[in-house]
Amino acid sequence: MTSSRVAQAYRRGSLWQKGRGERLIELAGVRRGELVLDLGCGTGGLTQQLAELVGPDGRVVGVDPDEARIALARHTAGAPNLEFHVGAAETLGEVALDRPFDLVLSNFVFHWIRDKRAVLGLMRGLIHPAGRILVQCVSSLPVLIGELSRLADPSGEKILRDFAFEDAAAIAHHVEGAGLQLSRLEEQQGTHVYPTLDALLTWWKATTHDRFDPRAIEPAALSRFAEQHGDGGAFHVRETFCWFEARLAPAHAWGRGG
Ligand SMILES: C[S@@+](CC[C@H](N)C(=O)[O-])C[C@H]1O[C@@H](n2cnc3c(N)ncnc32)[C@H](O)[C@@H]1O
């Protein structure tokens, strides 16, 4: 868990991710009056946008295991149709949630989830027979982040082991294995630019919940990294990410009584 200071640094450093989340919301076609779950909502920026879209007759629930991020989300959220809970995807059944949801959305969370099929199964149990699941996540470790993390021995290696990257084909397999039907799937490349080395280090430290420790890097190794990868002082993180939409497979939709 992280402190409030780290949660705020995370919010400032993750604007690119919020932009991609806004695109995911567009793809989800959110309608007024819907009940929506934002799984792994972080500091709640997208959750608030969802609350505006569903309007006063709808409701949005944000869930995240990081208590400091949920505290910041609650502190900033003003809408009466918005609520936040501390909880993890793997133990969603333990969070008191109204159901069924029209939409379960999760932005940049799945690459932390080891048993994606099990979590997809839990999500399946939360949606309405005509409901939908929209997920966006990183497919593989960005090379620059791998190199940077490995310089901070041993904290960096440990962080990398905690990720559970899988490409679009593997994810499609899990979706079907969880009794869901894939309606859309797209893999894309993207680059986000950090204007300084400090901005890159601060973001990576915050996004890893303060576990990456730049002080563990030898100054000479950090200078070499900066010389090798700095482009006019800026750092370009190139990544492959994917998003998909899934719905109940027909047999499951029938089984739930239509
Ligand atoms: C990169 S942030 C994305 C936050 C938010 N969805 C957004 O787009 O702004 C990933 C979030 O996933 C949460 N997370 C990590 N592991 C999780 C898990 N097992 N279940 C649910 N959320 C998790 C983290 O606490 C973090 O807030």
# chains A, B, ... in the order shown; residues from 1 in each chain; ligands from 1
call {"tool": "residues_near_ligand", "arguments": {"ligand": "ligand 1", "cutoff": "6 Å", "atoms": "only C-alpha atoms and all ligand atoms", "output": "PyMOL selection string"}}
result
chain A and resi 17-18+21+39-42+64-66+88-90+106-109+112-113
call {"tool": "write_last_selection", "arguments": {"atoms": "C-alpha atoms", "output": "tab-separated table (two decimals), in the first residue's frame"}}
result
chain	number	residue	atom	x	y	z
A	17	GLN	CA	-2.99	6.41	-19.18
A	18	LYS	CA	-6.06	8.47	-18.35
A	21	GLY	CA	-8.88	5.17	-20.46
A	39	LEU	CA	-12.20	-2.41	-11.44
A	40	GLY	CA	-8.74	-1.19	-10.35
A	41	CYS	CA	-9.98	2.41	-10.37
A	42	GLY	CA	-6.81	3.91	-8.84
A	64	ASP	CA	-9.03	-0.80	-5.92
A	65	PRO	CA	-6.79	-2.61	-3.39
A	66	ASP	CA	-4.65	0.48	-2.69
A	88	ALA	CA	-8.90	-6.70	-5.28
A	89	ALA	CA	-10.02	-8.33	-8.52
A	90	GLU	CA	-9.22	-11.82	-7.21
A	106	SER	CA	-10.93	-2.13	-16.15
A	107	ASN	CA	-8.17	0.15	-17.42
A	108	PHE	CA	-4.49	-0.82	-17.14
A	109	VAL	CA	-4.97	-3.36	-14.34
A	112	TRP	CA	-0.94	-7.18	-12.70
A	113	ILE	CA	-3.38	-10.08	-12.58
call {"tool": "select_by_dssp", "arguments": {"residues": "segment 78-232 of chain A", "states": "alpha helix (DSSP H)", "output": "MDAnalysis selection string"}}
result
chainID A and resid 116:126 143:151 155:162 168:177 197:207 219:229
call {"tool": "residues_around", "arguments": {"residues": "Leu24 of chain A", "least_positions_apart": "6", "cutoff": "9 Å", "atoms": "only C-alpha atoms", "output": "PyMOL selection string"}}
result
chain A and resi 105+107+134-136+243
call {"tool": "atom_distance", "arguments": {"atom1": "atom CA of Leu160 of chain A", "atom2": "atom CA of Phe212 of chain A"}}
result
9.9 Å
call {"tool": "closest_residue", "arguments": {"among": "A:His111, A:Arg20, A:Arg124, A:Arg247", "to": "Ala168 of chain A", "atoms": "only C-alpha atoms"}}
result
A:His111
call {"tool": "residues_around", "arguments": {"residues": "segment 222-228 of chain A", "least_positions_apart": "6", "cutoff": "8 Å", "atoms": "only C-alpha atoms", "output": "list in words"}}
result
Leu148, Leu151 and Leu197 of chain A
call {"tool": "residues_around", "arguments": {"residues": "segment 179-189 of chain A", "least_positions_apart": "4", "cutoff": "9 Å", "atoms": "only C-alpha atoms", "output": "PyMOL selection string"}}
result
chain A and resi 120-121+124+139+167-168+172+174-175+238-252
call {"tool": "write_last_selection", "arguments": {"atoms": "N, CA and C atoms", "output": "CSV table (one decimal), in the first residue's frame"}}
result
chain,number,residue,atom,x,y,z
A,120,LEU,N,-11.7,-13.1,-14.9
A,120,LEU,CA,-12.8,-12.9,-15.9
A,120,LEU,C,-14.0,-13.7,-15.5
A,121,GLY,N,-13.8,-14.9,-14.9
A,121,GLY,CA,-15.0,-15.6,-14.4
A,121,GLY,C,-15.8,-14.8,-13.4
A,124,ARG,N,-17.6,-12.1,-15.1
A,124,ARG,CA,-18.8,-12.7,-15.8
A,124,ARG,C,-20.0,-12.8,-14.8
A,139,SER,N,0.5,-5.4,-22.9
A,139,SER,CA,0.7,-6.8,-23.4
A,139,SER,C,2.1,-7.3,-23.0
A,167,ASP,N,-0.1,-11.4,-24.2
A,167,ASP,CA,-0.5,-10.8,-25.4
A,167,ASP,C,-1.9,-11.0,-25.7
A,168,ALA,N,-2.4,-10.4,-26.8
A,168,ALA,CA,-3.8,-10.4,-27.1
A,168,ALA,C,-4.3,-11.8,-27.4
A,172,ALA,N,-7.3,-13.6,-25.4
A,172,ALA,CA,-8.5,-14.1,-26.1
A,172,ALA,C,-8.8,-15.5,-25.6
A,174,HIS,N,-8.1,-16.8,-22.6
A,174,HIS,CA,-8.7,-16.7,-21.3
A,174,HIS,C,-10.2,-16.3,-21.3
A,175,VAL,N,-10.5,-15.3,-22.2
A,175,VAL,CA,-11.8,-14.8,-22.3
A,175,VAL,C,-12.8,-16.0,-22.6
A,238,ARG,N,8.0,3.0,-25.0
A,238,ARG,CA,7.2,2.4,-26.1
A,238,ARG,C,6.6,1.1,-25.6
A,239,GLU,N,5.3,1.0,-25.8
A,239,GLU,CA,4.6,-0.2,-25.3
A,239,GLU,C,3.6,-0.8,-26.2
A,240,THR,N,3.3,-2.1,-26.0
A,240,THR,CA,2.2,-2.7,-26.8
A,240,THR,C,1.1,-2.9,-25.8
A,241,PHE,N,-0.1,-2.5,-26.1
A,241,PHE,CA,-1.2,-2.7,-25.2
A,241,PHE,C,-2.4,-3.2,-26.0
A,242,CYS,N,-3.4,-3.8,-25.3
A,242,CYS,CA,-4.5,-4.3,-26.0
A,242,CYS,C,-5.8,-3.9,-25.3
A,243,TRP,N,-6.9,-3.9,-26.0
A,243,TRP,CA,-8.2,-3.7,-25.3
A,243,TRP,C,-9.2,-4.7,-25.9
A,244,PHE,N,-10.1,-5.1,-25.1
A,244,PHE,CA,-11.1,-6.0,-25.6
A,244,PHE,C,-12.5,-5.8,-25.0
A,245,GLU,N,-13.5,-6.2,-25.7
A,245,GLU,CA,-14.9,-6.2,-25.2
A,245,GLU,C,-15.4,-7.7,-25.1
A,246,ALA,N,-15.9,-8.1,-24.0
A,246,ALA,CA,-16.5,-9.5,-23.9
A,246,ALA,C,-17.9,-9.4,-23.4
A,247,ARG,N,-18.7,-10.4,-23.8
A,247,ARG,CA,-20.1,-10.5,-23.3
A,247,ARG,C,-20.3,-12.0,-22.9
A,248,LEU,N,-21.4,-12.2,-22.3
A,248,LEU,CA,-21.7,-13.6,-21.9
A,248,LEU,C,-21.8,-14.5,-23.1
A,249,ALA,N,-21.2,-15.6,-23.1
A,249,ALA,CA,-21.3,-16.6,-24.2
A,249,ALA,C,-22.8,-17.0,-24.2
A,250,PRO,N,-23.3,-17.3,-25.4
A,250,PRO,CA,-24.8,-17.6,-25.5
A,250,PRO,C,-25.3,-18.6,-24.4
A,251,ALA,N,-24.6,-19.7,-24.2
A,251,ALA,CA,-25.0,-20.7,-23.3
A,251,ALA,C,-25.2,-20.1,-21.9
A,252,HIS,N,-24.2,-19.2,-21.5
A,252,HIS,CA,-24.3,-18.6,-20.2
A,252,HIS,C,-25.4,-17.6,-20.1
call {"tool": "select_by_dssp", "arguments": {"residues": "segment 89-238 of chain A", "states": "strand (DSSP E)", "output": "PyMOL selection string"}}
result
chain A and resi 101-107+127-138+180-194+235-238
call {"tool": "write_last_selection", "arguments": {"atoms": "N, CA, C and O atoms", "output": "compact mmCIF listing (two decimals), in the first residue's frame"}}
result
# COMPACT_ATOMS: atom_id res chain seq x y z
N PHE A 101 -24.28 -5.69 -13.05
CA PHE A 101 -23.74 -4.50 -13.70
C PHE A 101 -24.06 -4.54 -15.19
O PHE A 101 -24.06 -5.61 -15.81
N ASP A 102 -24.29 -3.35 -15.75
CA ASP A 102 -24.42 -3.24 -17.21
C ASP A 102 -23.04 -3.28 -17.85
O ASP A 102 -22.88 -3.72 -18.98
N LEU A 103 -22.06 -2.74 -17.12
CA LEU A 103 -20.70 -2.63 -17.67
C LEU A 103 -19.69 -2.84 -16.55
O LEU A 103 -19.80 -2.22 -15.48
N VAL A 104 -18.71 -3.72 -16.81
CA VAL A 104 -17.55 -3.82 -15.92
C VAL A 104 -16.36 -3.39 -16.76
O VAL A 104 -16.08 -3.98 -17.81
N LEU A 105 -15.69 -2.34 -16.31
CA LEU A 105 -14.59 -1.76 -17.09
C LEU A 105 -13.31 -1.81 -16.25
O LEU A 105 -13.36 -1.62 -15.03
N SER A 106 -12.19 -2.08 -16.90
CA SER A 106 -10.93 -2.13 -16.15
C SER A 106 -9.80 -1.60 -17.03
O SER A 106 -9.52 -2.17 -18.08
N ASN A 107 -9.19 -0.51 -16.60
CA ASN A 107 -8.17 0.15 -17.42
C ASN A 107 -6.78 0.01 -16.82
O ASN A 107 -6.52 0.50 -15.72
N ILE A 127 -22.06 -9.41 -14.31
CA ILE A 127 -22.77 -8.63 -15.33
C ILE A 127 -24.16 -9.19 -15.62
O ILE A 127 -24.45 -10.36 -15.44
N HIS A 128 -24.98 -8.28 -16.08
CA HIS A 128 -26.32 -8.53 -16.59
C HIS A 128 -26.18 -9.45 -17.82
O HIS A 128 -25.16 -9.39 -18.50
N PRO A 129 -27.21 -10.27 -18.14
CA PRO A 129 -27.09 -11.12 -19.35
C PRO A 129 -26.74 -10.34 -20.61
O PRO A 129 -26.06 -10.85 -21.49
N ALA A 130 -27.18 -9.08 -20.68
CA ALA A 130 -26.85 -8.29 -21.88
C ALA A 130 -25.69 -7.33 -21.60
O ALA A 130 -25.40 -6.44 -22.39
N GLY A 131 -25.03 -7.53 -20.45
CA GLY A 131 -23.96 -6.61 -20.05
C GLY A 131 -22.67 -6.84 -20.82
O GLY A 131 -22.54 -7.79 -21.60
N ARG A 132 -21.70 -5.96 -20.58
CA ARG A 132 -20.43 -6.08 -21.30
C ARG A 132 -19.26 -5.81 -20.38
O ARG A 132 -19.40 -5.10 -19.36
N ILE A 133 -18.11 -6.35 -20.77
CA ILE A 133 -16.87 -6.20 -20.01
C ILE A 133 -15.88 -5.53 -20.95
O ILE A 133 -15.68 -6.01 -22.08
N LEU A 134 -15.28 -4.42 -20.53
CA LEU A 134 -14.24 -3.78 -21.36
C LEU A 134 -12.95 -3.68 -20.56
O LEU A 134 -12.95 -3.15 -19.44
N VAL A 135 -11.89 -4.21 -21.14
CA VAL A 135 -10.60 -4.26 -20.43
C VAL A 135 -9.51 -3.74 -21.35
O VAL A 135 -9.50 -4.05 -22.55
N GLN A 136 -8.60 -2.97 -20.78
CA GLN A 136 -7.42 -2.52 -21.53
C GLN A 136 -6.20 -2.79 -20.65
O GLN A 136 -6.22 -2.51 -19.45
N CYS A 137 -5.14 -3.33 -21.25
CA CYS A 137 -3.95 -3.62 -20.44
C CYS A 137 -2.69 -3.66 -21.32
O CYS A 137 -2.78 -3.73 -22.55
N VAL A 138 -1.55 -3.62 -20.67
CA VAL A 138 -0.27 -3.68 -21.38
C VAL A 138 0.02 -5.15 -21.69
O VAL A 138 -0.17 -6.03 -20.84
N LEU A 180 -16.92 -16.55 -21.68
CA LEU A 180 -17.33 -15.27 -22.28
C LEU A 180 -17.10 -15.33 -23.78
O LEU A 180 -16.32 -16.16 -24.27
N GLN A 181 -17.74 -14.41 -24.48
CA GLN A 181 -17.56 -14.35 -25.92
C GLN A 181 -16.88 -13.01 -26.23
O GLN A 181 -17.34 -11.96 -25.76
N LEU A 182 -15.81 -13.11 -27.01
CA LEU A 182 -15.06 -11.90 -27.36
C LEU A 182 -15.80 -11.18 -28.48
O LEU A 182 -16.04 -11.77 -29.53
N SER A 183 -16.20 -9.93 -28.24
CA SER A 183 -16.86 -9.24 -29.36
C SER A 183 -15.92 -8.30 -30.07
O SER A 183 -16.09 -8.02 -31.26
N ARG A 184 -14.90 -7.77 -29.39
CA ARG A 184 -13.91 -6.91 -30.06
C ARG A 184 -12.57 -7.10 -29.35
O ARG A 184 -12.53 -7.25 -28.12
N LEU A 185 -11.49 -7.07 -30.13
CA LEU A 185 -10.14 -7.19 -29.54
C LEU A 185 -9.17 -6.46 -30.46
O LEU A 185 -9.19 -6.66 -31.67
N GLU A 186 -8.34 -5.62 -29.87
CA GLU A 186 -7.38 -4.88 -30.69
C GLU A 186 -6.07 -4.73 -29.93
O GLU A 186 -6.09 -4.42 -28.73
N GLU A 187 -4.96 -4.97 -30.63
CA GLU A 187 -3.64 -4.74 -30.01
C GLU A 187 -3.02 -3.53 -30.70
O GLU A 187 -3.10 -3.41 -31.92
N GLN A 188 -2.40 -2.66 -29.91
CA GLN A 188 -1.86 -1.41 -30.48
C GLN A 188 -0.50 -1.10 -29.87
O GLN A 188 -0.17 -1.60 -28.80
N GLN A 189 0.23 -0.23 -30.57
CA GLN A 189 1.50 0.27 -30.03
C GLN A 189 1.27 1.70 -29.56
O GLN A 189 0.51 2.42 -30.20
N GLY A 190 1.97 2.08 -28.53
CA GLY A 190 1.87 3.46 -28.08
C GLY A 190 3.17 3.92 -27.45
O GLY A 190 4.00 3.10 -27.07
N THR A 191 3.36 5.23 -27.40
CA THR A 191 4.56 5.78 -26.77
C THR A 191 4.13 6.86 -25.80
O THR A 191 3.28 7.69 -26.15
N HIS A 192 4.67 6.84 -24.60
CA HIS A 192 4.46 7.99 -23.73
C HIS A 192 5.81 8.57 -23.36
O HIS A 192 6.78 7.85 -23.17
N VAL A 193 5.84 9.89 -23.33
CA VAL A 193 7.12 10.60 -23.24
C VAL A 193 7.23 11.27 -21.87
O VAL A 193 6.31 11.97 -21.45
N TYR A 194 8.36 11.03 -21.20
CA TYR A 194 8.66 11.71 -19.95
C TYR A 194 9.71 12.77 -20.25
O TYR A 194 10.77 12.45 -20.81
N PHE A 235 12.48 10.93 -22.34
CA PHE A 235 12.52 9.46 -22.37
C PHE A 235 11.21 8.93 -22.95
O PHE A 235 10.14 9.31 -22.49
N HIS A 236 11.35 8.08 -23.98
CA HIS A 236 10.17 7.57 -24.71
C HIS A 236 9.91 6.13 -24.28
O HIS A 236 10.73 5.26 -24.55
N VAL A 237 8.81 5.90 -23.63
CA VAL A 237 8.45 4.53 -23.23
C VAL A 237 7.50 3.98 -24.29
O VAL A 237 6.38 4.46 -24.45
N ARG A 238 8.01 2.98 -25.03
CA ARG A 238 7.18 2.39 -26.10
C ARG A 238 6.56 1.10 -25.58
O ARG A 238 7.27 0.27 -25.02
call {"tool": "closest_residue", "arguments": {"among": "A:His75, A:Arg99, A:Arg23, A:His209", "to": "Leu37 of chain A", "atoms": "only C-alpha atoms"}}
result
A:Arg99
call {"tool": "atom_distance", "arguments": {"atom1": "atom CA of Gly125 of chain A", "atom2": "atom CA of Ala71 of chain A"}}
result
27.3 Å
call {"tool": "atom_distance", "arguments": {"atom1": "atom CA of Ala79 of chain A", "atom2": "atom CA of Gly44 of chain A"}}
result
11.7 Å
call {"tool": "closest_residue", "arguments": {"among": "A:Gly33, A:Gly177, A:Gly233, A:Gly156", "to": "Ile217 of chain A", "atoms": "only C-alpha atoms"}}
result
A:Gly156
call {"tool": "closest_residue", "arguments": {"among": "A:Arg150, A:Ala221, A:Leu122, A:Ser140", "to": "Thr91 of chain A", "atoms": "only C-alpha atoms"}}
result
A:Leu122
